[in-house]
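Undergrad: Let me begin by handing over the structure; questions about it come next.
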Protein chains: 2
Amino acid sequence: MNKIGKQTIQFSSPPYILETSSIVGPKEAQGPLAKYFDQCLEDEFWGEKTWEKAESKIIKENVNSVIAKSCIPSQNIDYCFAGDLLNQCISSSFGLREINIPFFGIFGACSTFVEGMSLGSIFIDSGAAKNVLCATSSHFCSAEKQFRFPLELGNQRPPTAQWTVTGSGAAILSNTNLDKVCPQVTYITPGKIVDMGVKDANNMGAAMAPAALDTLITHLQDTGRKPSYYDAIITGDLGYVGKEILTEMAETQGYNIKNNYNDCGVLIFDKNAQDTHAGGSGCGCVGSVFSGYFYKKLKEKSINRLLLIATGALMNSTSSQQGESIPGIAHAIAIENLVFGDGGKKQDFGNK
Amino acid sequence: MNKIGKQTIQFSSPPYILETSSIVGPKEAQGPLAKYFDQCLEDEFWGEKTWEKAESKIIKENVNSVIAKSCIPSQNIDYCFAGDLLNQCISSSFGLREINIPFFGIFGACSTFVEGMSLGSIFIDSGAAKNVLCATSSHFCSAEKQFRFPLELGNQRPPTAQWTVTGSGAAILSNTNLDKVCPQVTYITPGKIVDMGVKDANNMGAAMAPAALDTLITHLQDTGRKPSYYDAIITGDLGYVGKEILTEMAETQGYNIKNNYNDCGVLIFDKNAQDTHAGGSGCGCVGSVFSGYFYKKLKEKSINRLLLIATGALMNSTSSQQGESIPGIAHAIAIENLVFGDGGKKQDFGNK
């Protein structure tokens with residue numbers, strides 16, 4: 001692999017995304033992407049006594065699902081990268097304590113899924129691993145309880161507030177495609193922490209949009225690509241507010257992303273029918289929407305070049321109470337169909 | 001690099017640990033290792049209004065210190081790996097929000113320092129980066145407040161309880177030694193989550209010792225090395241209780257580590273004079289003791305082969321309240337003097 005430009009890594013043998021899996025909660029199951037998810041839960045507890053235990057079960061079962069779908073024995077998965085939003089990432093560590101795979105805990109708030117895919121890709125292309133597992137989760141109830149107010153209070157939510165997705169995304173990256181046609185990770189652009197001073201914990205989109213802009217522009221400059229190179233540029237969970245800010249800020253910097261840009265938090269809910277205000281958020285948002293929806297679109301070739309930019313707000317409730325602003329981060333990953341099914345023809349994906 | 005055995009990675013061009021830095025709090029400054037730390041603070045606030053802000057300042061200033069000592073301009077540091085014990089790792093993200101280096105947030109509880117060194121080494125040896133920064137911190141007051149009781153209560157602590165170190169460790173890994181004689185990272189053995197059912201949050205040593213044993217034995221089997229190969233086998237923060245458990249368990253498995261094994265949590269405090277019960281703990285424990293003490297011992301060649309095993313307890317206060325046990329994890333890293341100063345002679349470090 002090579003580092004190119006300021007902060008992008010180009011892979012020599014782009015890792016294959018061999019399989020993905022997604023599980024979502026009941027609200028997500030009523031949204032427009034419901035049919036794409038592997039499993040939709042009927043309630044937020046899934047037979048567990050607490051929301052935290054339910055979230056652990058979601059990531060655990062989703063990881064079991066992606067391993068089963070990949071047909072790779074779990075003992076052949078070299079390393080696991082996982083994280084979540086709960087304090088000390090207990091959803092991942094409790095959910096995955098029995099999988100018996102060497103474990104790297106990661107925390108990038110809602111950017112964690114792409115952070116894991118980035119680290120996993122480095123392991124694959126470097127030869128450190130043949131197969132790696134990446135997983136994240138979030139849960140509306142455990143997140144609200146931890147970051148905002150007890151749900152029992154029934155607090156009103158401002159229009160800029162986002163709705164934490166109950167769900168999990170999981171992917172297996174591999175140095176082989178096992179004769180399947182799989183999208184590949186061609187570039188990663190890990191992001192810097194960007195803090196523009198936004199302090200409103202009910203407006204995460206505004207807090208995270210500057211980080212997304214920084215990573216987007218850096219990625220384009222580092223790779224020499226234009227936004228139009230990509231069939232889709234997708235952010236993790238900027239929601240409606242952040243999406244508009246990013247689109248406008250990109251335009252003022254000379255990058256037109258109006259035609260091919262969207263956001264997982266916008267896509268996962270029906271804003272009007274579901275009362276979800278500014279859209280979805282959480283580690284499980286980009287995780288489940290990529291694993292459920294975009295991976296299938298890549299597989300069926302209706303999307304061939306995807307730039308996935310997951311954003312995270314690196315704060316906690318104590319920092320907000322102490323008057324701190326909300327630092328944002330965004331990690332980008334380019335996922336492309338390099339080999340097509342019809343005879344293995346390699347498409348020219350040069351940087352035009 | 002190569003993966004060898006079950007879960008160990010051997011580096012082709014072992015990354016150099018170019019420089020380290022350490023800052024500790026006032027209690028650590030009264031301990032037996034005081035003279036080895038770069039900076040000792042006079043109080044737990046360091047001019048800040050809260051313990052959380054003080055912890056952020058500690059990691060920030062420590063990172064500034066290691067960058068200054070390394071003489072590498074910060075724009076030449078490709079990526080940063082950092083994490084801490086605070087909810088959502090705010091010490092790292094707030095402390096390092098201005099460094100302008102692409103940032104990977106990691107969480108391995110008290111194992112975070114070695115987790116970061118492991119990931120950083122992969123980046124260096126793979127060519128993804130030329131220089132990386134690894135940093136962690138912990139703070140006695142912010143940790144007690146978050147994980148246990150308000151300090152103002154003056155609660156009694158059981159003899160098995162450990163004392164969270166106020167401090168930070170930071171290291172710069174590089175693909176070049178800049179003509180200096182530097183210890184190198186030769187192997188990493190990332191650990192699995194191990195949960196033996198220990199539920200006592202005041203006995204972390206017992207909860208983490210089985211993970212340390214698992215990683216230790218795996219490392220020795222994967223590399224074909226014996227415990228006696230190492231001048232020192234050092235765990236992160238098992239403390240007195242965990243150290244004794246690990247020593248005994250290793251012996252029952254046929255590994256004698258009595259002569260060359262010690263623990264950073266045991267070393268950092270004077271148990272009798274400082275009333276620290278089972279010893280030190282926290283991300284800052286192994287971070288500051290490695291960066292302050294062991295790095296200097298490696299540089300002066302009184303230790304040439306070090307196996308550093310950092311352990312973490314992957315729990316939070318909610319999981320304990322919900323009756324959960326405490327999963328442990330341990331990541332190991334082999335650090336060796338491969339090139340000696342007297343004419344650059346390479347010593348034979350074959351696996352005898």
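Numbering starts fresh at 1 for the residues of each chain in the structure tokens, the chains themselves are lettered A, B, ... in the order given, and ligands are numbered from 1 as they appear.
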Find the residues of chain A in contact range of chain B, meaning any atom within 8 Å when counting only C-alpha atoms, and list them as a PyMOL selection string.

TA: chain A and resi 1-3+7+9+78+85-90+93-94+96-98+100-109+115+122-123+126-129+190-195+314-316+319+327

Undergrad: Please, which residues of range 155-312 of chain B, numbered as in this document, come out alpha helix (DSSP H) from DSSP, as a PyMOL selection string?

TA: chain B and resi 204-223+239-252+264-267+271-274+283-289+295-299

Undergrad: Filtering to C-alpha atoms, could you give me those residues as a PDB file, in the first residue's frame?

TA:
ATOM      1  CA  MET B 204      -9.680  -5.996  38.565  1.00  0.00           C
ATOM      2  CA  GLY B 205      -6.426  -7.917  38.867  1.00  0.00           C
ATOM      3  CA  ALA B 206      -8.296 -11.193  39.253  1.00  0.00           C
ATOM      4  CA  ALA B 207     -10.612 -10.305  36.364  1.00  0.00           C
ATOM      5  CA  MET B 208      -7.755  -9.484  33.973  1.00  0.00           C
ATOM      6  CA  ALA B 209      -5.171 -12.148  34.916  1.00  0.00           C
ATOM      7  CA  PRO B 210      -6.749 -14.932  32.797  1.00  0.00           C
ATOM      8  CA  ALA B 211      -6.579 -12.712  29.702  1.00  0.00           C
ATOM      9  CA  ALA B 212      -2.924 -11.964  30.430  1.00  0.00           C
ATOM     10  CA  LEU B 213      -2.225 -15.677  30.772  1.00  0.00           C
ATOM     11  CA  ASP B 214      -3.961 -16.447  27.488  1.00  0.00           C
ATOM     12  CA  THR B 215      -1.996 -13.800  25.591  1.00  0.00           C
ATOM     13  CA  LEU B 216       1.309 -14.687  27.285  1.00  0.00           C
ATOM     14  CA  ILE B 217       1.052 -18.381  26.451  1.00  0.00           C
ATOM     15  CA  THR B 218      -0.176 -17.673  22.921  1.00  0.00           C
ATOM     16  CA  HIS B 219       2.751 -15.319  22.354  1.00  0.00           C
ATOM     17  CA  LEU B 220       5.269 -17.867  23.594  1.00  0.00           C
ATOM     18  CA  GLN B 221       3.745 -20.666  21.531  1.00  0.00           C
ATOM     19  CA  ASP B 222       3.408 -18.531  18.391  1.00  0.00           C
ATOM     20  CA  THR B 223       7.005 -17.294  18.548  1.00  0.00           C
ATOM     21  CA  GLY B 239      -1.358  -5.163  40.542  1.00  0.00           C
ATOM     22  CA  TYR B 240      -0.304  -7.358  43.450  1.00  0.00           C
ATOM     23  CA  VAL B 241      -3.364  -9.623  43.331  1.00  0.00           C
ATOM     24  CA  GLY B 242      -3.342 -10.191  39.588  1.00  0.00           C
ATOM     25  CA  LYS B 243       0.433 -10.578  39.474  1.00  0.00           C
ATOM     26  CA  GLU B 244       0.298 -13.413  41.962  1.00  0.00           C
ATOM     27  CA  ILE B 245      -2.560 -15.096  40.107  1.00  0.00           C
ATOM     28  CA  LEU B 246      -0.768 -14.829  36.755  1.00  0.00           C
ATOM     29  CA  THR B 247       2.502 -16.162  38.180  1.00  0.00           C
ATOM     30  CA  GLU B 248       0.732 -19.161  39.695  1.00  0.00           C
ATOM     31  CA  MET B 249      -1.456 -19.883  36.676  1.00  0.00           C
ATOM     32  CA  ALA B 250       1.539 -19.683  34.347  1.00  0.00           C
ATOM     33  CA  GLU B 251       3.404 -22.158  36.536  1.00  0.00           C
ATOM     34  CA  THR B 252       0.530 -24.652  36.432  1.00  0.00           C
ATOM     35  CA  CYS B 264       3.640  -1.677  36.152  1.00  0.00           C
ATOM     36  CA  GLY B 265       0.910  -1.328  38.787  1.00  0.00           C
ATOM     37  CA  VAL B 266       3.205  -2.937  41.346  1.00  0.00           C
ATOM     38  CA  LEU B 267       6.200  -0.818  40.336  1.00  0.00           C
ATOM     39  CA  LYS B 271       2.386  -0.139  48.590  1.00  0.00           C
ATOM     40  CA  ASN B 272       3.106   0.414  52.258  1.00  0.00           C
ATOM     41  CA  ALA B 273       4.011   4.081  52.265  1.00  0.00           C
ATOM     42  CA  GLN B 274       1.377   5.194  49.777  1.00  0.00           C
ATOM     43  CA  CYS B 283      -4.434   3.503  30.795  1.00  0.00           C
ATOM     44  CA  GLY B 284      -1.871   5.888  32.235  1.00  0.00           C
ATOM     45  CA  CYS B 285      -0.229   3.171  34.343  1.00  0.00           C
ATOM     46  CA  VAL B 286       1.420   1.067  31.648  1.00  0.00           C
ATOM     47  CA  GLY B 287       1.621   4.169  29.449  1.00  0.00           C
ATOM     48  CA  SER B 288       3.655   6.247  31.883  1.00  0.00           C
ATOM     49  CA  VAL B 289       5.705   3.357  33.315  1.00  0.00           C
ATOM     50  CA  TYR B 295      11.969   2.950  27.585  1.00  0.00           C
ATOM     51  CA  LYS B 296      14.953   4.438  29.401  1.00  0.00           C
ATOM     52  CA  LYS B 297      16.047   0.971  30.549  1.00  0.00           C
ATOM     53  CA  LEU B 298      15.896  -0.208  26.943  1.00  0.00           C
ATOM     54  CA  LYS B 299      17.829   2.819  25.735  1.00  0.00           C
TER      55      LYS B 299
END

Undergrad: Could you name the residues that touch Glu144 in chain A at 12 Å or less, counting only C-alpha atoms, but leaving out those on the same chain fewer than 6 positions away, as a ChimeraX atom specification?

TA: /A:51-52,85-86,138,150-155,157,161-166,201-202,281-282,316-317

Undergrad: Export, as a compact mmCIF listing (two decimals), in the first residue's frame, the selected residues with C-alpha atoms.

TA:
# COMPACT_ATOMS: atom_id res chain seq x y z
CA TRP A 51 -31.48 -2.19 26.63
CA GLU A 52 -27.74 -2.61 27.10
CA LEU A 85 -21.56 4.29 21.70
CA LEU A 86 -22.07 2.88 25.19
CA SER A 138 -26.18 1.37 18.56
CA PRO A 150 -34.57 9.02 30.79
CA LEU A 151 -37.01 7.87 28.13
CA GLU A 152 -39.74 7.69 30.75
CA LEU A 153 -39.73 11.50 30.96
CA GLY A 154 -41.07 11.72 27.43
CA ASN A 155 -39.03 14.86 26.73
CA ARG A 157 -37.03 16.80 21.03
CA ALA A 161 -32.29 16.34 17.08
CA GLN A 162 -31.49 13.00 15.50
CA TRP A 163 -32.87 9.58 16.30
CA THR A 164 -30.28 6.98 17.31
CA VAL A 165 -30.69 3.90 15.15
CA THR A 166 -31.24 0.60 16.90
CA ALA A 201 -25.87 18.25 21.67
CA ASN A 202 -29.25 18.29 19.96
CA SER A 281 -27.70 8.64 13.89
CA GLY A 282 -25.51 6.26 15.87
CA ASN A 316 -20.07 12.78 26.25
CA SER A 317 -22.70 14.12 28.60

Undergrad: How would you write, as a list in words, the set of residues in range 183-296 of chain A that DSSP gives as strand (DSSP E or B)?

TA: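 The strand (DSSP E or B) subset of range 183-296 of chain A is Gln184, Val185, Thr186, Tyr187, Ile188, Thr189, Val194, Ala232, Ile233, Ile234, Thr235, Tyr261, Asn262, Asp263, Gly280 and Ser281 of chain A.
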
Undergrad: Expressed in Å to a single decimal, how great is the separation between CA of Glu19 in chain B and CA of Ile303 in chain B?

TA: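 Computed distance, CA of Glu19 in chain B to CA of Ile303 in chain B, equals 16.4 Å.
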
Undergrad: Suppose you want the space between CA of Leu306 in chain A and CA of Pro183 in chain A; what is it in Å?

TA: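 Distance between the two atoms: 9.7 Å.
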